Each structure stands twice: as C-alpha cells, then as structure tokens.
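Undergrad: Take a look at the following structure, please.
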Amino acid sequence: MNIQFIMEYLSALSMNNNREWYHANKDDYKKANAEFEKLLQSLMLEIGKFDSSILHNDPKDLTFKIVRDTRFSHDKSPYNPAFRAHISSKGKLPVPVGYYLMIKPGNQSFLGGGLFADMFKDATKMIRDYIAQNGEEWEKMIHEPEFEKYFTVQGTALKNVPAGFEKEHPQGEYLKFKSWYLEYPLKDEELKDAEMFLAKAAGLFKIMKPFNDYLNKALVGFQMPAR
C-alpha cells in the first residue's frame with residue numbers, strides 16, 4: 001500500500017481539476033484507487049481486533065466517488081481530490097455509524113466517527129431521545145480523559161433546545177445537535193509511513209468506538225429513507 005502515490009495523484013488532480021487531465025491520467029487514478037483499497041483492507045484488519053463487526057466488508061464497497069455533483073454549487077470543479085471511505089457493520093451507509101477516513105493533501109486529511117448526516121430527522125430524534133434518557137452514560141463517555149485528549153463532539157446544531165425537551169436539561173447543549181460526530185485532523189507528514197499511520201488510526205478509532213456504540217444503540221431500528 002503506497003500512500004505516497006495516493007498523495008501525489010491527489011495533489012496532481014487538485015492542480016489539474018478538469019476532465020481532460022483526469023481522463024488522460026485514468027491509469028494513475030486506477031492505481032491510486034487500488035492503493036487506497038489496500039490501505040482500507042489493512043486498516044480493517046487492525047480495527048477488526050477490537051470491532052469484528054466490520055471485517056466482512058469489501059473495501060471496494062466502502063469508498064465514495066471523487067466525481068462531484070456541481071449542479072447546486074458555485075464551485076464547478078468536476079472532482080473532489082480526496083479518497084474517502086466509511087467503515088461500519090453495514091458498509092458505507094451513514095447508519096449504523098462507523099469509522100470514517102478522508103485522505104486529502106494539504107493537511108486536510110482526517111479520521112472521523114459518528115453521524116455526519118443531519119438530514120435524517122428520524123435519526124436525529126432517536127439520538128436526542130436516547131441522550132435525554134441516558135445522560136449520565138453520555139457524560140461519562142465524552143469526559144473520559146483519553147477521549148477528551150483527542151476528540152470534541154461536533155455537529156450542526158439549533159440555537160435553542162428543541163421543543164419537547166426541558167430547556168435546562170443537563171445535556172441541553174447536545175440536544176440542540178442535529179448530527180453528532182468526531183474529527184481528528186491529520187497532517188500530510190503523518191501519512192508518510194503507512195505502518196505508523198495504520199497503528200495511529202486504529203488506536204484513535206478504538207478510543208472512538210464507545211461513542212459510535214452509544215449512537216448505534218440510540219439508532220437501533222432506524223430505517224434509511226427510501227429513495
């Protein structure tokens with residue numbers, strides 16, 4: 001698994017973000033994508049040591065397209081120069097939540113977890129209800145020293161505690177959220193040594209796992225909206 005080739009390809013794509021260059025260098029894309037899939041396979045084996053629920057996945061099914069939907073965007077660049085994947089017990093679906101990886105040169109790579117999507121109203125309601133009823137477990141989890149060392153819960157949020165919950169609820173700040181996720185930023189230099197990166201990523205995902213588990217308990221029974 002050659003992370004350096006991945007980074008070099010994505011850097012070149014970023015500087016030549018047009019269809020002509022992309023198609024002229026399609027072989028390099030295929031090679032970089034294959035290297036990313038190898039990286040995912042190795043990462044899954046490491047994650048599998050503490051979360052075996054993800055081991056059945058095929059890396060090919062976990063990645064996202066680099067082609068951008070530019071219909072409603074001011075930025076008409078046709079490609080997102082990043083390789084991205086979501087690893088969970090049900091693949092890359094946003095629910096159940098799992099482990100997210102984005103590799104993007106320019107110190108824009110990160111490891112993530114939790115629910116990034118804020119458009120699933122049922123999921124938001126289920127998590128709010130669960131936090132409201134299991135606040136002590138939530139507080140204990142997010143204030144674990146090792147968790148606090150690396151992560152802060154992020155997400156899109158309302159200005160006020162939503163209707164149906166006490167305004168002075170102890171977890172009121174988190175009940176305002178519509179999504180709940182974690183991000184750990186990665187510098188480009190942290191991706192130079194593949195073995196060191198895998199060890200670091202797996203270690204951080206292990207610390208993240210109780211957060212994912214909590215959200216997944218809240219999301220038991222959630223159904224993805226039919227398209």
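Identifiers for the structure tokens are assigned positionally: chains receive A, B, ... in sequence, residues are indexed from 1 per chain, and ligands are indexed from 1 in the order shown.
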With only C-alpha atoms as the counted atoms, please give the residues lying no more than 12 Å from Lys31 of chain A, apart from itself and same-chain residues fewer than 2 positions off, as number ranges by chain.

TA: A: 1-10, 25-29, 33-38

Undergrad: Using only C-alpha atoms, determine which residues lie at most 12 Å from Leu45 of chain A, disregarding the query and same-chain residues fewer than 5 positions distant; provide the list as a list in words.

TA: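 These residues fall inside the cut-off: Lys38, Leu39, Leu40, Phe50, Asp51, Ser52, Ser53, Ile54, Leu55, His56, Asn57, Asp58, Pro59, Ile87, Leu198, Ala199, Ala201 and Ala202 of chain A.
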
Undergrad: For Lys90 of chain A, which residue out of A:Lys125, A:Asn160, A:Leu62, A:Pro78 is the nearest one, using only C-alpha atoms?

TA: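 Smallest separation from Lys90 of chain A among the options: A:Leu62.
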
Undergrad: Could you give me, as a PyMOL selection string, each residue of segment 8-210 of chain A that DSSP assigns to strand (DSSP E or B) when run on this structure's backbone?

TA: chain A and resi 63+67+79+83-87+99-103+109-115+154+157+177+180-186

Undergrad: Write a file of the selected residues as a tab-separated table (two decimals), in the first residue's frame, keeping N, CA and C atoms.

TA:
```
chain	number	residue	atom	x	y	z
A	63	THR	N	-15.93	2.91	-0.42
A	63	THR	CA	-15.37	4.18	-0.90
A	63	THR	C	-16.44	5.05	-1.56
A	67	VAL	N	-15.98	12.06	-8.22
A	67	VAL	CA	-16.75	12.96	-9.10
A	67	VAL	C	-17.72	13.77	-8.25
A	79	TYR	N	-14.09	17.36	-9.86
A	79	TYR	CA	-13.61	16.28	-8.98
A	79	TYR	C	-13.27	16.80	-7.58
A	83	PHE	N	-9.64	10.84	-1.34
A	83	PHE	CA	-10.17	9.48	-1.24
A	83	PHE	C	-10.85	9.35	0.11
A	84	ARG	N	-12.10	8.86	0.10
A	84	ARG	CA	-12.91	8.81	1.31
A	84	ARG	C	-13.55	7.44	1.46
A	85	ALA	N	-13.73	7.04	2.72
A	85	ALA	CA	-14.39	5.76	2.99
A	85	ALA	C	-15.05	5.80	4.36
A	86	HIS	N	-16.14	5.05	4.48
A	86	HIS	CA	-16.83	4.87	5.76
A	86	HIS	C	-16.91	3.37	6.01
A	87	ILE	N	-16.40	2.94	7.17
A	87	ILE	CA	-16.32	1.52	7.51
A	87	ILE	C	-17.26	1.26	8.68
A	99	TYR	N	-16.47	4.18	11.15
A	99	TYR	CA	-15.16	4.83	11.13
A	99	TYR	C	-14.95	5.46	9.76
A	100	TYR	N	-14.63	6.74	9.76
A	100	TYR	CA	-14.53	7.50	8.51
A	100	TYR	C	-13.08	7.91	8.29
A	101	LEU	N	-12.63	7.78	7.03
A	101	LEU	CA	-11.28	8.20	6.66
A	101	LEU	C	-11.35	9.05	5.41
A	102	MET	N	-10.70	10.20	5.46
A	102	MET	CA	-10.52	11.01	4.25
A	102	MET	C	-9.04	11.32	4.10
A	103	ILE	N	-8.51	11.02	2.92
A	103	ILE	CA	-7.14	11.39	2.58
A	103	ILE	C	-7.20	12.50	1.54
A	109	SER	N	-6.53	15.90	5.51
A	109	SER	CA	-6.99	14.54	5.81
A	109	SER	C	-7.52	14.49	7.24
A	110	PHE	N	-8.42	13.54	7.50
A	110	PHE	CA	-8.87	13.36	8.88
A	110	PHE	C	-9.48	11.98	9.09
A	111	LEU	N	-9.52	11.59	10.36
A	111	LEU	CA	-10.22	10.41	10.82
A	111	LEU	C	-11.51	10.88	11.47
A	112	GLY	N	-12.60	10.16	11.26
A	112	GLY	CA	-13.86	10.61	11.84
A	112	GLY	C	-14.71	9.46	12.32
A	113	GLY	N	-15.76	9.81	13.04
A	113	GLY	CA	-16.72	8.83	13.51
A	113	GLY	C	-18.02	9.51	13.89
A	114	GLY	N	-19.08	8.72	14.07
A	114	GLY	CA	-20.36	9.28	14.46
A	114	GLY	C	-21.26	9.54	13.27
A	115	LEU	N	-22.29	10.33	13.52
A	115	LEU	CA	-23.29	10.64	12.48
A	115	LEU	C	-22.98	12.02	11.90
A	154	GLN	N	-18.74	17.29	17.68
A	154	GLN	CA	-19.12	18.36	16.76
A	154	GLN	C	-20.44	18.01	16.08
A	157	ALA	N	-26.13	22.35	14.67
A	157	ALA	CA	-26.96	22.47	15.87
A	157	ALA	C	-27.96	23.61	15.75
A	177	PHE	N	-28.10	19.52	18.96
A	177	PHE	CA	-27.42	19.00	17.77
A	177	PHE	C	-28.40	18.27	16.86
A	180	TRP	N	-23.99	14.35	15.25
A	180	TRP	CA	-23.00	14.22	16.32
A	180	TRP	C	-21.82	13.45	15.75
A	181	TYR	N	-20.68	14.13	15.61
A	181	TYR	CA	-19.55	13.43	15.01
A	181	TYR	C	-18.23	13.88	15.63
A	182	LEU	N	-17.18	13.12	15.33
A	182	LEU	CA	-15.83	13.38	15.80
A	182	LEU	C	-14.90	13.51	14.60
A	183	GLU	N	-13.93	14.38	14.72
A	183	GLU	CA	-12.90	14.51	13.68
A	183	GLU	C	-11.53	14.62	14.33
A	184	TYR	N	-10.58	13.90	13.77
A	184	TYR	CA	-9.18	14.04	14.20
A	184	TYR	C	-8.37	14.41	12.96
A	185	PRO	N	-7.88	15.65	12.89
A	185	PRO	CA	-7.15	16.09	11.69
A	185	PRO	C	-5.79	15.41	11.57
A	186	LEU	N	-5.40	15.15	10.34
A	186	LEU	CA	-4.11	14.51	10.05
A	186	LEU	C	-3.26	15.42	9.18
```

Undergrad: Report, in Å to a single decimal, how far apart atom CA of Lys206 of chain A and atom CA of Ile47 of chain A are.

TA: 7.4 Å

Undergrad: Tell me, which residues of segment 49-148 of chain A carry DSSP alpha helix (DSSP H), written as a list of chain:residue names?

TA: A:Lys121, A:Asp122, A:Ala123, A:Thr124, A:Lys125, A:Met126, A:Ile127, A:Arg128, A:Asp129, A:Tyr130, A:Ile131, A:Ala132, A:Gln133, A:Gly135, A:Glu136, A:Glu137, A:Trp138, A:Glu139, A:Lys140, A:Met141, A:Ile142, A:Pro145, A:Glu146, A:Phe147, A:Glu148

Undergrad: Here is a test: counting only C-alpha atoms, which residue of A:Ala132, A:Ala117, A:Ala123, A:Leu158 is nearest to Val220 of chain A?

TA: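 Checking each candidate against Val220 of chain A, we get A:Ala123 as the closest.
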
Undergrad: Just give me the gap between atom CA of Thr124 of chain A and atom CA of Lys140 of chain A in Å, one decimal is fine.

TA: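 One can read the atom CA of Thr124 of chain A to atom CA of Lys140 of chain A distance as 21.0 Å.
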
Undergrad: Could you name the residues that touch Ile142 of chain A at 8 Å or less, counting only C-alpha atoms, but leaving out those on the same chain fewer than 4 positions away, as a PyMOL selection string?

TA: chain A and resi 138+147-148+152-153+211

Undergrad: Looking at A:Leu175, A:Ile127, A:Ala163, A:Leu204, which one is nearest to Asn216 of chain A, with distances taken over only C-alpha atoms?

TA: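 Between A:Leu175, A:Ile127, A:Ala163, A:Leu204, the residue approaching Asn216 of chain A most closely is A:Ile127.
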
Undergrad: Taking only C-alpha atoms into account, which of A:Pro81, A:Pro96, A:Pro170, A:Gly91 comes nearest Leu215 of chain A?

TA: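 Ranked by minimum distance to Leu215 of chain A, first place goes to A:Pro96.
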
Undergrad: How many Å lie between atom CA of Glu46 of chain A and atom CA of Glu195 of chain A, rounded to one decimal?

TA: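 Atom CA of Glu195 of chain A lies 10.8 Å from atom CA of Glu46 of chain A.
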
Undergrad: Nearest residue to Leu191 of chain A out of A:Pro105, A:Gln133, A:Lys217, A:Gly203, using only C-alpha atoms?

TA: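 Ranking A:Pro105, A:Gln133, A:Lys217, A:Gly203 by distance to Leu191 of chain A, first place goes to A:Pro105.
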